[in-house]
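Undergrad: target02.cif is the file, holding mmCIF, C-alpha atoms; chains and numbers go by the auth columns:
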data_work
loop_
_atom_site.group_PDB
_atom_site.id
_atom_site.type_symbol
_atom_site.label_atom_id
_atom_site.label_comp_id
_atom_site.label_asym_id
_atom_site.label_seq_id
_atom_site.Cartn_x
_atom_site.Cartn_y
_atom_site.Cartn_z
_atom_site.B_iso_or_equiv
_atom_site.auth_seq_id
_atom_site.auth_asym_id
ATOM 1 C CA MET A 1 0.000 0.000 0.000 0.00 1432 F
ATOM 2 C CA LYS A 2 1.145 3.532 -0.806 0.00 1433 F
ATOM 3 C CA ASP A 3 2.523 5.606 2.072 0.00 1434 F
ATOM 4 C CA TYR A 4 -0.032 8.408 2.479 0.00 1435 F
ATOM 5 C CA LYS A 5 0.421 11.688 4.318 0.00 1436 F
ATOM 6 C CA GLY A 6 -3.267 12.040 5.223 0.00 1437 F
ATOM 7 C CA TYR A 7 -6.112 9.689 6.128 0.00 1438 F
ATOM 8 C CA LEU A 8 -9.772 10.704 5.929 0.00 1439 F
ATOM 9 C CA PHE A 9 -11.723 8.241 8.076 0.00 1440 F
ATOM 10 C CA ASP A 10 -15.453 7.803 7.825 0.00 1441 F
ATOM 11 C CA ILE A 11 -16.856 7.396 11.351 0.00 1442 F
ATOM 12 C CA ASP A 12 -20.040 5.274 11.479 0.00 1443 F
ATOM 13 C CA GLY A 13 -19.226 1.753 10.332 0.00 1444 F
ATOM 14 C CA THR A 14 -15.516 2.520 10.029 0.00 1445 F
ATOM 15 C CA ILE A 15 -14.339 3.794 13.437 0.00 1446 F
ATOM 16 C CA VAL A 16 -17.454 3.081 15.518 0.00 1447 F
ATOM 17 C CA LEU A 17 -20.729 1.192 15.416 0.00 1448 F
ATOM 18 C CA GLY A 18 -23.127 3.334 17.428 0.00 1449 F
ATOM 19 C CA ASP A 19 -21.078 4.220 20.503 0.00 1450 F
ATOM 20 C CA ILE A 20 -18.818 1.167 20.356 0.00 1451 F
ATOM 21 C CA LEU A 21 -15.290 1.393 18.939 0.00 1452 F
ATOM 22 C CA ILE A 22 -14.407 -1.060 16.202 0.00 1453 F
ATOM 23 C CA PRO A 23 -11.585 -3.274 17.556 0.00 1454 F
ATOM 24 C CA GLY A 24 -8.164 -1.851 16.747 0.00 1455 F
ATOM 25 C CA ALA A 25 -9.461 1.511 15.462 0.00 1456 F
ATOM 26 C CA LYS A 26 -8.138 3.586 18.380 0.00 1457 F
ATOM 27 C CA GLU A 27 -4.741 1.887 18.260 0.00 1458 F
ATOM 28 C CA LYS A 28 -4.443 2.389 14.485 0.00 1459 F
ATOM 29 C CA ILE A 29 -5.230 6.119 14.760 0.00 1460 F
ATOM 30 C CA GLU A 30 -2.599 6.482 17.502 0.00 1461 F
ATOM 31 C CA GLU A 31 -0.068 4.574 15.403 0.00 1462 F
ATOM 32 C CA LEU A 32 -0.665 6.785 12.366 0.00 1463 F
ATOM 33 C CA ARG A 33 -0.350 9.955 14.452 0.00 1464 F
ATOM 34 C CA GLU A 34 2.950 8.696 15.885 0.00 1465 F
ATOM 35 C CA CYS A 35 4.151 8.273 12.285 0.00 1466 F
ATOM 36 C CA GLY A 36 3.350 11.925 11.599 0.00 1467 F
ATOM 37 C CA LYS A 37 0.235 11.313 9.514 0.00 1468 F
ATOM 38 C CA LYS A 38 -2.599 13.842 9.314 0.00 1469 F
ATOM 39 C CA ILE A 39 -5.969 12.465 10.402 0.00 1470 F
ATOM 40 C CA GLY A 40 -9.428 13.658 9.457 0.00 1471 F
ATOM 41 C CA PHE A 41 -12.794 12.248 10.535 0.00 1472 F
ATOM 42 C CA TYR A 42 -14.814 12.473 7.341 0.00 1473 F
ATOM 43 C CA THR A 43 -18.473 11.759 8.016 0.00 1474 F
ATOM 44 C CA ASN A 44 -21.796 12.328 6.328 0.00 1475 F
ATOM 45 C CA ASN A 45 -23.491 12.372 9.737 0.00 1476 F
ATOM 46 C CA SER A 46 -25.246 15.746 9.825 0.00 1477 F
ATOM 47 C CA SER A 47 -27.102 15.368 13.126 0.00 1478 F
ATOM 48 C CA LYS A 48 -24.356 16.795 15.338 0.00 1479 F
ATOM 49 C CA ASN A 49 -22.581 20.065 15.915 0.00 1480 F
ATOM 50 C CA PRO A 50 -18.994 19.222 14.875 0.00 1481 F
ATOM 51 C CA LYS A 51 -17.871 20.198 18.387 0.00 1482 F
ATOM 52 C CA SER A 52 -20.009 17.342 19.754 0.00 1483 F
ATOM 53 C CA TYR A 53 -17.625 14.849 18.161 0.00 1484 F
ATOM 54 C CA ILE A 54 -14.761 16.079 20.319 0.00 1485 F
ATOM 55 C CA GLY A 55 -16.649 14.903 23.412 0.00 1486 F
ATOM 56 C CA LYS A 56 -17.782 11.688 21.717 0.00 1487 F
ATOM 57 C CA PHE A 57 -14.229 10.739 20.768 0.00 1488 F
ATOM 58 C CA LYS A 58 -12.839 11.762 24.153 0.00 1489 F
ATOM 59 C CA LYS A 59 -15.178 9.243 25.816 0.00 1490 F
ATOM 60 C CA LEU A 60 -13.717 6.626 23.477 0.00 1491 F
ATOM 61 C CA GLY A 61 -10.156 7.614 24.434 0.00 1492 F
ATOM 62 C CA ILE A 62 -9.354 9.410 21.167 0.00 1493 F
ATOM 63 C CA GLU A 63 -8.152 13.019 21.252 0.00 1494 F
ATOM 64 C CA VAL A 64 -9.189 15.121 18.235 0.00 1495 F
ATOM 65 C CA GLU A 65 -9.017 18.752 17.140 0.00 1496 F
ATOM 66 C CA LEU A 66 -12.004 20.610 15.712 0.00 1497 F
ATOM 67 C CA LYS A 67 -10.315 21.066 12.316 0.00 1498 F
ATOM 68 C CA GLU A 68 -10.099 17.257 12.056 0.00 1499 F
ATOM 69 C CA ILE A 69 -13.897 16.898 12.229 0.00 1500 F
ATOM 70 C CA ILE A 70 -15.264 17.174 8.696 0.00 1501 F
ATOM 71 C CA THR A 71 -19.021 16.562 8.559 0.00 1502 F
ATOM 72 C CA ALA A 72 -21.601 16.964 5.809 0.00 1503 F
ATOM 73 C CA GLY A 73 -23.369 19.267 8.242 0.00 1504 F
ATOM 74 C CA ALA A 74 -20.287 21.467 8.597 0.00 1505 F
ATOM 75 C CA VAL A 75 -19.961 21.740 4.812 0.00 1506 F
ATOM 76 C CA LEU A 76 -23.652 22.625 4.515 0.00 1507 F
ATOM 77 C CA ALA A 77 -23.391 25.169 7.364 0.00 1508 F
ATOM 78 C CA ASP A 78 -20.381 26.745 5.651 0.00 1509 F
ATOM 79 C CA TYR A 79 -22.458 27.142 2.479 0.00 1510 F
ATOM 80 C CA LEU A 80 -25.375 28.678 4.406 0.00 1511 F
ATOM 81 C CA VAL A 81 -23.093 31.184 6.124 0.00 1512 F
ATOM 82 C CA ASN A 82 -21.438 32.256 2.888 0.00 1513 F
ATOM 83 C CA ASN A 83 -24.471 32.250 0.600 0.00 1514 F
ATOM 84 C CA CYS A 84 -27.707 32.362 2.611 0.00 1515 F
ATOM 85 C CA LYS A 85 -27.026 34.292 5.817 0.00 1516 F
ATOM 86 C CA ASN A 86 -29.788 36.847 5.227 0.00 1517 F
ATOM 87 C CA LYS A 87 -32.402 34.319 4.142 0.00 1518 F
ATOM 88 C CA LYS A 88 -34.952 32.612 6.393 0.00 1519 F
ATOM 89 C CA ILE A 89 -34.494 28.861 6.400 0.00 1520 F
ATOM 90 C CA PHE A 90 -36.801 26.074 7.571 0.00 1521 F
ATOM 91 C CA MET A 91 -34.647 23.197 8.758 0.00 1522 F
ATOM 92 C CA VAL A 92 -35.479 19.560 9.360 0.00 1523 F
ATOM 93 C CA GLY A 93 -32.715 18.644 11.790 0.00 1524 F
ATOM 94 C CA THR A 94 -31.678 18.029 15.365 0.00 1525 F
ATOM 95 C CA LYS A 95 -31.656 20.791 17.978 0.00 1526 F
ATOM 96 C CA ASP A 96 -27.889 20.356 18.290 0.00 1527 F
ATOM 97 C CA PHE A 97 -27.253 21.039 14.609 0.00 1528 F
ATOM 98 C CA LYS A 98 -29.786 23.864 14.370 0.00 1529 F
ATOM 99 C CA GLU A 99 -28.137 25.611 17.322 0.00 1530 F
ATOM 100 C CA HIS A 100 -24.776 25.203 15.579 0.00 1531 F
ATOM 101 C CA CYS A 101 -26.104 27.005 12.498 0.00 1532 F
ATOM 102 C CA LYS A 102 -27.805 29.702 14.555 0.00 1533 F
ATOM 103 C CA GLY A 103 -24.526 30.298 16.379 0.00 1534 F
ATOM 104 C CA MET A 104 -22.951 31.038 12.992 0.00 1535 F
ATOM 105 C CA GLY A 105 -25.575 33.705 12.301 0.00 1536 F
ATOM 106 C CA VAL A 106 -27.864 31.668 10.038 0.00 1537 F
ATOM 107 C CA LYS A 107 -31.610 32.401 10.341 0.00 1538 F
ATOM 108 C CA ILE A 108 -33.001 28.963 11.191 0.00 1539 F
ATOM 109 C CA LEU A 109 -36.704 28.311 11.861 0.00 1540 F
ATOM 110 C CA ASP A 110 -38.360 25.030 12.777 0.00 1541 F
ATOM 111 C CA GLU A 111 -41.753 23.520 13.562 0.00 1542 F
ATOM 112 C CA GLU A 112 -41.856 25.184 16.998 0.00 1543 F
ATOM 113 C CA ASP A 113 -41.581 28.709 15.562 0.00 1544 F
ATOM 114 C CA GLU A 114 -44.416 30.904 14.340 0.00 1545 F
ATOM 115 C CA PHE A 115 -43.840 32.152 10.805 0.00 1546 F
ATOM 116 C CA ASP A 116 -45.593 32.976 7.563 0.00 1547 F
ATOM 117 C CA PHE A 117 -44.796 30.406 4.870 0.00 1548 F
ATOM 118 C CA SER A 118 -44.123 33.262 2.443 0.00 1549 F
ATOM 119 C CA GLU A 119 -41.119 34.288 4.601 0.00 1550 F
ATOM 120 C CA ILE A 120 -39.248 31.028 4.019 0.00 1551 F
ATOM 121 C CA GLU A 121 -36.786 31.037 1.117 0.00 1552 F
ATOM 122 C CA ILE A 122 -34.935 27.746 1.735 0.00 1553 F
ATOM 123 C CA VAL A 123 -35.820 24.289 3.050 0.00 1554 F
ATOM 124 C CA VAL A 124 -32.890 22.316 4.498 0.00 1555 F
ATOM 125 C CA VAL A 125 -32.937 18.623 5.466 0.00 1556 F
ATOM 126 C CA THR A 126 -30.264 16.891 7.556 0.00 1557 F
ATOM 127 C CA LEU A 127 -30.038 13.595 9.416 0.00 1558 F
ATOM 128 C CA ASP A 128 -32.718 14.135 12.062 0.00 1559 F
ATOM 129 C CA SER A 129 -32.882 11.616 14.909 0.00 1560 F
ATOM 130 C CA GLU A 130 -35.660 13.814 16.388 0.00 1561 F
ATOM 131 C CA LEU A 131 -37.819 13.647 13.259 0.00 1562 F
ATOM 132 C CA ASN A 132 -41.576 14.039 13.659 0.00 1563 F
ATOM 133 C CA TYR A 133 -44.561 14.268 11.331 0.00 1564 F
ATOM 134 C CA LYS A 134 -44.950 18.029 11.830 0.00 1565 F
ATOM 135 C CA LYS A 135 -41.493 18.684 10.349 0.00 1566 F
ATOM 136 C CA LEU A 136 -42.309 16.590 7.273 0.00 1567 F
ATOM 137 C CA GLU A 137 -45.679 18.272 6.866 0.00 1568 F
ATOM 138 C CA ILE A 138 -44.233 21.797 6.928 0.00 1569 F
ATOM 139 C CA ALA A 139 -41.344 20.863 4.597 0.00 1570 F
ATOM 140 C CA CYS A 140 -43.754 19.367 2.039 0.00 1571 F
ATOM 141 C CA LYS A 141 -46.053 22.385 2.160 0.00 1572 F
ATOM 142 C CA LEU A 142 -43.132 24.779 1.707 0.00 1573 F
ATOM 143 C CA LEU A 143 -41.725 22.777 -1.195 0.00 1574 F
ATOM 144 C CA HIS A 144 -45.088 23.018 -2.937 0.00 1575 F
ATOM 145 C CA GLY A 145 -43.990 26.613 -3.562 0.00 1576 F
ATOM 146 C CA ASP A 146 -40.902 28.118 -5.174 0.00 1577 F
ATOM 147 C CA VAL A 147 -38.207 27.682 -2.496 0.00 1578 F
ATOM 148 C CA GLU A 148 -34.627 26.473 -2.652 0.00 1579 F
ATOM 149 C CA TYR A 149 -34.137 22.894 -1.394 0.00 1580 F
ATOM 150 C CA LEU A 150 -30.852 21.775 0.181 0.00 1581 F
ATOM 151 C CA ALA A 151 -29.835 18.606 2.033 0.00 1582 F
ATOM 152 C CA ALA A 152 -26.739 17.490 3.870 0.00 1583 F
ATOM 153 C CA ASN A 153 -26.003 13.989 2.591 0.00 1584 F
ATOM 154 C CA GLU A 154 -27.165 11.174 0.330 0.00 1585 F
ATOM 155 C CA ASP A 155 -26.870 8.260 2.780 0.00 1586 F
ATOM 156 C CA LEU A 156 -30.042 6.194 2.995 0.00 1587 F
ATOM 157 C CA VAL A 157 -29.062 4.491 6.258 0.00 1588 F
ATOM 158 C CA TYR A 158 -26.326 4.460 8.885 0.00 1589 F
ATOM 159 C CA PRO A 159 -25.082 1.436 10.836 0.00 1590 F
ATOM 160 C CA VAL A 160 -25.232 0.998 14.608 0.00 1591 F
ATOM 161 C CA GLU A 161 -24.277 -1.862 16.884 0.00 1592 F
ATOM 162 C CA GLY A 162 -25.900 -5.268 16.450 0.00 1593 F
ATOM 163 C CA GLY A 163 -26.027 -5.157 12.650 0.00 1594 F
ATOM 164 C CA VAL A 164 -28.917 -2.660 12.715 0.00 1595 F
ATOM 165 C CA PHE A 165 -29.325 0.164 10.150 0.00 1596 F
ATOM 166 C CA LEU A 166 -31.281 3.355 10.837 0.00 1597 F
ATOM 167 C CA PRO A 167 -32.756 5.976 8.421 0.00 1598 F
ATOM 168 C CA ASP A 168 -30.323 8.675 7.307 0.00 1599 F
ATOM 169 C CA CYS A 169 -30.781 12.020 5.539 0.00 1600 F
ATOM 170 C CA ARG A 170 -31.649 10.701 2.087 0.00 1601 F
ATOM 171 C CA ALA A 171 -34.293 8.380 3.524 0.00 1602 F
ATOM 172 C CA ILE A 172 -36.006 11.492 4.920 0.00 1603 F
ATOM 173 C CA CYS A 173 -35.601 13.265 1.570 0.00 1604 F
ATOM 174 C CA ASN A 174 -37.117 10.249 -0.195 0.00 1605 F
ATOM 175 C CA ILE A 175 -40.285 10.610 1.905 0.00 1606 F
ATOM 176 C CA ILE A 176 -40.481 14.273 0.912 0.00 1607 F
ATOM 177 C CA GLU A 177 -39.798 13.443 -2.748 0.00 1608 F
ATOM 178 C CA LEU A 178 -42.739 11.018 -2.823 0.00 1609 F
ATOM 179 C CA CYS A 179 -44.998 13.900 -1.776 0.00 1610 F
ATOM 180 C CA THR A 180 -43.462 16.812 -3.676 0.00 1611 F
ATOM 181 C CA LYS A 181 -41.440 15.341 -6.591 0.00 1612 F
ATOM 182 C CA LYS A 182 -38.615 17.643 -5.418 0.00 1613 F
ATOM 183 C CA ILE A 183 -34.974 16.524 -5.115 0.00 1614 F
ATOM 184 C CA PRO A 184 -32.522 18.591 -3.039 0.00 1615 F
ATOM 185 C CA LYS A 185 -29.001 19.771 -3.749 0.00 1616 F
ATOM 186 C CA TYR A 186 -26.716 17.568 -1.593 0.00 1617 F
ATOM 187 C CA PHE A 187 -23.432 18.614 0.051 0.00 1618 F
ATOM 188 C CA GLY A 188 -21.938 15.510 1.678 0.00 1619 F
ATOM 189 C CA LYS A 189 -19.876 12.663 0.263 0.00 1620 F
ATOM 190 C CA PRO A 190 -19.394 11.971 -2.626 0.00 1621 F
ATOM 191 C CA LYS A 191 -19.714 15.641 -3.652 0.00 1622 F
ATOM 192 C CA LYS A 192 -16.485 17.434 -4.541 0.00 1623 F
ATOM 193 C CA VAL A 193 -17.349 20.324 -2.205 0.00 1624 F
ATOM 194 C CA MET A 194 -16.956 18.050 0.830 0.00 1625 F
ATOM 195 C CA LEU A 195 -13.586 16.615 -0.212 0.00 1626 F
ATOM 196 C CA ASP A 196 -12.332 20.123 -1.022 0.00 1627 F
ATOM 197 C CA TYR A 197 -13.451 21.296 2.442 0.00 1628 F
ATOM 198 C CA ALA A 198 -11.622 18.406 4.128 0.00 1629 F
ATOM 199 C CA LEU A 199 -8.374 18.902 2.195 0.00 1630 F
ATOM 200 C CA ARG A 200 -8.459 22.629 2.912 0.00 1631 F
ATOM 201 C CA ASN A 201 -8.995 22.011 6.645 0.00 1632 F
ATOM 202 C CA LEU A 202 -6.039 19.637 6.851 0.00 1633 F
ATOM 203 C CA ASN A 203 -3.785 21.354 4.292 0.00 1634 F
ATOM 204 C CA LEU A 204 -3.528 18.217 2.151 0.00 1635 F
ATOM 205 C CA SER A 205 -3.666 17.433 -1.553 0.00 1636 F
ATOM 206 C CA LYS A 206 -5.683 14.604 -3.126 0.00 1637 F
ATOM 207 C CA GLU A 207 -2.502 12.854 -4.232 0.00 1638 F
ATOM 208 C CA GLU A 208 -1.184 12.481 -0.666 0.00 1639 F
ATOM 209 C CA THR A 209 -4.524 11.477 0.890 0.00 1640 F
ATOM 210 C CA VAL A 210 -6.598 8.304 1.147 0.00 1641 F
ATOM 211 C CA ILE A 211 -10.301 8.064 2.075 0.00 1642 F
ATOM 212 C CA VAL A 212 -11.231 5.162 4.364 0.00 1643 F
ATOM 213 C CA GLY A 213 -14.855 4.055 4.620 0.00 1644 F
ATOM 214 C CA ASP A 214 -17.424 1.274 4.677 0.00 1645 F
ATOM 215 C CA ARG A 215 -19.855 2.542 2.050 0.00 1646 F
ATOM 216 C CA LEU A 216 -19.336 2.289 -1.698 0.00 1647 F
ATOM 217 C CA TYR A 217 -21.771 4.949 -2.916 0.00 1648 F
ATOM 218 C CA THR A 218 -20.523 7.692 -0.564 0.00 1649 F
ATOM 219 C CA ASP A 219 -17.058 6.948 0.889 0.00 1650 F
ATOM 220 C CA ILE A 220 -15.558 5.143 -2.075 0.00 1651 F
ATOM 221 C CA ALA A 221 -17.464 7.250 -4.602 0.00 1652 F
ATOM 222 C CA SER A 222 -16.029 10.370 -2.942 0.00 1653 F
ATOM 223 C CA GLY A 223 -12.539 9.279 -3.935 0.00 1654 F
ATOM 224 C CA TYR A 224 -13.385 7.496 -7.177 0.00 1655 F
ATOM 225 C CA THR A 225 -15.172 10.486 -8.726 0.00 1656 F
ATOM 226 C CA ASN A 226 -12.749 13.115 -7.409 0.00 1657 F
ATOM 227 C CA GLY A 227 -9.349 11.517 -8.049 0.00 1658 F
ATOM 228 C CA CYS A 228 -8.445 10.416 -4.527 0.00 1659 F
ATOM 229 C CA ASP A 229 -7.373 6.904 -3.431 0.00 1660 F
ATOM 230 C CA THR A 230 -9.721 4.895 -1.209 0.00 1661 F
ATOM 231 C CA ILE A 231 -9.770 1.993 1.228 0.00 1662 F
ATOM 232 C CA LEU A 232 -13.006 0.034 1.635 0.00 1663 F
ATOM 233 C CA VAL A 233 -13.389 -1.610 5.065 0.00 1664 F
ATOM 234 C CA LEU A 234 -15.897 -4.390 5.728 0.00 1665 F
ATOM 235 C CA THR A 235 -17.005 -3.402 9.234 0.00 1666 F
ATOM 236 C CA GLY A 236 -20.134 -1.480 8.196 0.00 1667 F
ATOM 237 C CA GLU A 237 -22.428 -1.557 5.176 0.00 1668 F
ATOM 238 C CA ALA A 238 -20.337 -3.071 2.371 0.00 1669 F
ATOM 239 C CA THR A 239 -19.411 -6.741 2.113 0.00 1670 F
ATOM 240 C CA LYS A 240 -16.964 -8.607 -0.107 0.00 1671 F
ATOM 241 C CA ASP A 241 -19.893 -9.390 -2.418 0.00 1672 F
ATOM 242 C CA SER A 242 -21.115 -5.783 -2.761 0.00 1673 F
ATOM 243 C CA LYS A 243 -21.210 -4.579 -6.364 0.00 1674 F
ATOM 244 C CA SER A 244 -20.696 -0.983 -7.465 0.00 1675 F
ATOM 245 C CA VAL A 245 -19.304 1.110 -10.297 0.00 1676 F
ATOM 246 C CA TYR A 246 -17.197 2.811 -7.618 0.00 1677 F
ATOM 247 C CA LYS A 247 -14.099 0.650 -7.236 0.00 1678 F
ATOM 248 C CA PRO A 248 -11.910 1.064 -4.125 0.00 1679 F
ATOM 249 C CA THR A 249 -8.142 1.250 -4.452 0.00 1680 F
ATOM 250 C CA TYR A 250 -7.837 -1.273 -1.610 0.00 1681 F
ATOM 251 C CA ILE A 251 -10.198 -3.549 0.352 0.00 1682 F
ATOM 252 C CA LEU A 252 -9.423 -4.434 3.978 0.00 1683 F
ATOM 253 C CA ASP A 253 -11.398 -6.219 6.674 0.00 1684 F
ATOM 254 C CA SER A 254 -10.969 -3.314 9.117 0.00 1685 F
ATOM 255 C CA VAL A 255 -9.089 -0.060 9.761 0.00 1686 F
ATOM 256 C CA ALA A 256 -6.945 -2.168 12.088 0.00 1687 F
ATOM 257 C CA ASP A 257 -5.435 -3.746 8.961 0.00 1688 F
ATOM 258 C CA ILE A 258 -4.085 -0.498 7.498 0.00 1689 F
#
Could I get this file's structure written as structure tokens?
TA:
Amino acid sequence: MKDYKGYLFDIDGTIVLGDILIPGAKEKIEELRECGKKIGFYTNNSSKNPKSYIGKFKKLGIEVELKEIITAGAVLADYLVNNCKNKKIFMVGTKDFKEHCKGMGVKILDEEDEFDFSEIEIVVVTLDSELNYKKLEIACKLLHGDVEYLAANEDLVYPVEGGVFLPDCRAICNIIELCTKKIPKYFGKPKKVMLDYALRNLNLSKEETVIVGDRLYTDIASGYTNGCDTILVLTGEATKDSKSVYKPTYILDSVADI
């Protein structure tokens, strides 16, 4: 295997399953750091404020810096700050992520706020573990009109412990699409904007970086379509029998095998 300067690790299914570390993941990260490698945690999970991951990893015994946390939510929030700061946005998302965006000066409204539908210019959908019918109802009604539609990531599901998969951002968007025929603009893996954000954060180039993940259509596609090497691990969604047009550079059983 090529000697890379930087490693972009997916989190769910690659480093952890739910709140449980994958065996050998912590030790491999420590080993790579000792060798002077740059580490990024490169996740499509858009339910959390990126700062929340610092606490999550600390509980698992892994020390991380904020610049190392690259989430689809962070990429989306960066876009909202730079392009939509003066627009009123209805967001389907967790309280944690909405507060993150509000703290950056973005005008976020949700189902608990009173507002005129004509005020809303953008509907945003993220991974929402607090999803309820009211949020879906309002989003569908708003999208019946002429509003911009954005979403964090294209993952249908995410893995947790016990071999269980739970609905992710695109699964929520699919419900909305059935009702509105509207498809959002996505920001997470495999979009180029997310890889560019990660490389900029860590001061790396594509040529000296490898993406490590468990999902072919996001993790591996992120590298395959954007000219960056990839490692597929078999601790999450993909198996040895999984078929895809997105071919990994390497296939390993686990991050422990890097």
Undergrad: Which residues match the PyMOL selection byres ((chain F and resi 1497) around 8) in the file above, as a ChimeraX atom specification?
TA: /F:1481-1482,1485,1495-1496,1498-1500
Undergrad: In Å, with one decimal, what is the gap from atom CA of Asn1563 of chain F to atom CA of Asp1577 of chain F?
TA: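 Here the two named atoms are 23.5 Å from each other.
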Undergrad: Select, from F:Leu1540, F:Cys1532, F:Val1591, F:Leu1609, the residue with the minimum atom-to-atom distance to Leu1574 of chain F, counting all atoms listed in the file.
TA: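 Smallest separation from Leu1574 of chain F among the options: F:Leu1609.
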Undergrad: Could you give me, as a VMD selection string, the residues within 9 Å of Lys1613 of chain F, counting all atoms listed in the file and dropping anything in the same chain fewer than 4 positions from it?
TA: chain F and resid 1574 to 1575 1580 1604 1607 to 1609
Undergrad: If you count all atoms listed in the file, which residues fall within 9 Å of segment 1676-1688 of chain F, apart from same-chain ones fewer than 4 positions away, as a ChimeraX atom specification?
TA: /F:1432,1440,1445-1446,1453-1460,1643-1644,1647-1648,1651-1656,1660-1666,1671
Undergrad: Write a file of the just-selected residues containing C-alpha atoms, as a PDB file, in the frame of the given file.
TA:
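Okay, part.pdb is ready:
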ATOM      1  CA  MET F1432       0.000   0.000   0.000  1.00  0.00           C
ATOM      2  CA  PHE F1440     -11.723   8.241   8.076  1.00  0.00           C
ATOM      3  CA  THR F1445     -15.516   2.520  10.029  1.00  0.00           C
ATOM      4  CA  ILE F1446     -14.339   3.794  13.437  1.00  0.00           C
ATOM      5  CA  ILE F1453     -14.407  -1.060  16.202  1.00  0.00           C
ATOM      6  CA  PRO F1454     -11.585  -3.274  17.556  1.00  0.00           C
ATOM      7  CA  GLY F1455      -8.164  -1.851  16.747  1.00  0.00           C
ATOM      8  CA  ALA F1456      -9.461   1.511  15.462  1.00  0.00           C
ATOM      9  CA  LYS F1457      -8.138   3.586  18.380  1.00  0.00           C
ATOM     10  CA  GLU F1458      -4.741   1.887  18.260  1.00  0.00           C
ATOM     11  CA  LYS F1459      -4.443   2.389  14.485  1.00  0.00           C
ATOM     12  CA  ILE F1460      -5.230   6.119  14.760  1.00  0.00           C
ATOM     13  CA  VAL F1643     -11.231   5.162   4.364  1.00  0.00           C
ATOM     14  CA  GLY F1644     -14.855   4.055   4.620  1.00  0.00           C
ATOM     15  CA  LEU F1647     -19.336   2.289  -1.698  1.00  0.00           C
ATOM     16  CA  TYR F1648     -21.771   4.949  -2.916  1.00  0.00           C
ATOM     17  CA  ILE F1651     -15.558   5.143  -2.075  1.00  0.00           C
ATOM     18  CA  ALA F1652     -17.464   7.250  -4.602  1.00  0.00           C
ATOM     19  CA  SER F1653     -16.029  10.370  -2.942  1.00  0.00           C
ATOM     20  CA  GLY F1654     -12.539   9.279  -3.935  1.00  0.00           C
ATOM     21  CA  TYR F1655     -13.385   7.496  -7.177  1.00  0.00           C
ATOM     22  CA  THR F1656     -15.172  10.486  -8.726  1.00  0.00           C
ATOM     23  CA  ASP F1660      -7.373   6.904  -3.431  1.00  0.00           C
ATOM     24  CA  THR F1661      -9.721   4.895  -1.209  1.00  0.00           C
ATOM     25  CA  ILE F1662      -9.770   1.993   1.228  1.00  0.00           C
ATOM     26  CA  LEU F1663     -13.006   0.034   1.635  1.00  0.00           C
ATOM     27  CA  VAL F1664     -13.389  -1.610   5.065  1.00  0.00           C
ATOM     28  CA  LEU F1665     -15.897  -4.390   5.728  1.00  0.00           C
ATOM     29  CA  THR F1666     -17.005  -3.402   9.234  1.00  0.00           C
ATOM     30  CA  LYS F1671     -16.964  -8.607  -0.107  1.00  0.00           C
TER      31      LYS F1671
END
Undergrad: Residues at most 8 Å from Ile1501 of chain F, counting all atoms listed in the file, excluding those fewer than 4 positions away in the same chain, as a list in words?
TA: Gly1471, Phe1472, Tyr1473, Thr1474, Pro1481, Ala1505, Val1506, Tyr1628 and Ala1629 of chain F
Undergrad: Run the PyMOL selection byres ((chain F and resi 1510) around 12) mentally over the shown coordinates, then write out the matched residues as a PyMOL selection string, using the chain letters and numbers from the document.
TA: chain F and resi 1503-1509+1511-1516+1532+1535+1537+1555+1581-1583+1616-1619+1624-1625+1628
Undergrad: Using the chain letters and numbers from this file, what does the PyMOL selection byres ((chain F and resi 1556-1562) around 9) select? Give the answer as a PyMOL selection string.
TA: chain F and resi 1475-1479+1503-1504+1521-1526+1528+1554-1555+1563-1567+1570+1580-1584+1598-1604+1615
Undergrad: Box along x, y and z, 8 Å on every side, all listed atoms of segment 1512-1520 of chain F inside: centre and edge lengths in Å to one decimal, as JSON.
TA:
{"center_x": -28.2, "center_y": 32.9, "center_z": 3.5, "size_x": 29.5, "size_y": 24.0, "size_z": 21.8}
Undergrad: What does the distance from atom CA of Gly1658 of chain F to atom CA of Lys1436 of chain F come to in Å, to one decimal?
TA: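 Atom-to-atom, atom CA of Gly1658 of chain F and atom CA of Lys1436 of chain F are spaced 15.8 Å apart.
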Undergrad: To one decimal in Å, tell me the separation between atom CA of Glu1639 of chain F and atom CA of Tyr1484 of chain F.
TA: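 Pair atom CA of Glu1639 of chain F / atom CA of Tyr1484 of chain F returns 25.1 Å.
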Undergrad: Of the candidates F:Asp1645, F:Glu1465, F:Asp1450, F:Glu1552, which shows the shortest atom-to-atom distance to Lys1519 of chain F, using all atoms listed in the file?
TA: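 Selected residue with least distance to Lys1519 of chain F: F:Glu1552.
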Undergrad: Please return, as an MDAnalysis selection string, all polymer residues that have at least one atom within 6 Å of the point (-6.2, 11.4, -2.7); use only C-alpha atoms and the file's own coordinate frame.
TA: chainID F and resid 1637:1641 1659:1660
Undergrad: Compare F:Leu1463, F:Ile1470, F:Val1595, F:Ile1442 by their minimum atom-to-atom distance to Lys1487 of chain F, counting all atoms listed in the file, and give me the closest one.
TA: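 Nearest candidate to Lys1487 of chain F out of F:Leu1463, F:Ile1470, F:Val1595, F:Ile1442: F:Ile1442.
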Undergrad: So which one's closest to Ile1689 of chain F, F:Asp1650, F:Leu1587, F:Leu1448, F:Ile1642? Using only C-alpha atoms, please.
TA: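 Closest to Ile1689 of chain F of all the choices is F:Ile1642.
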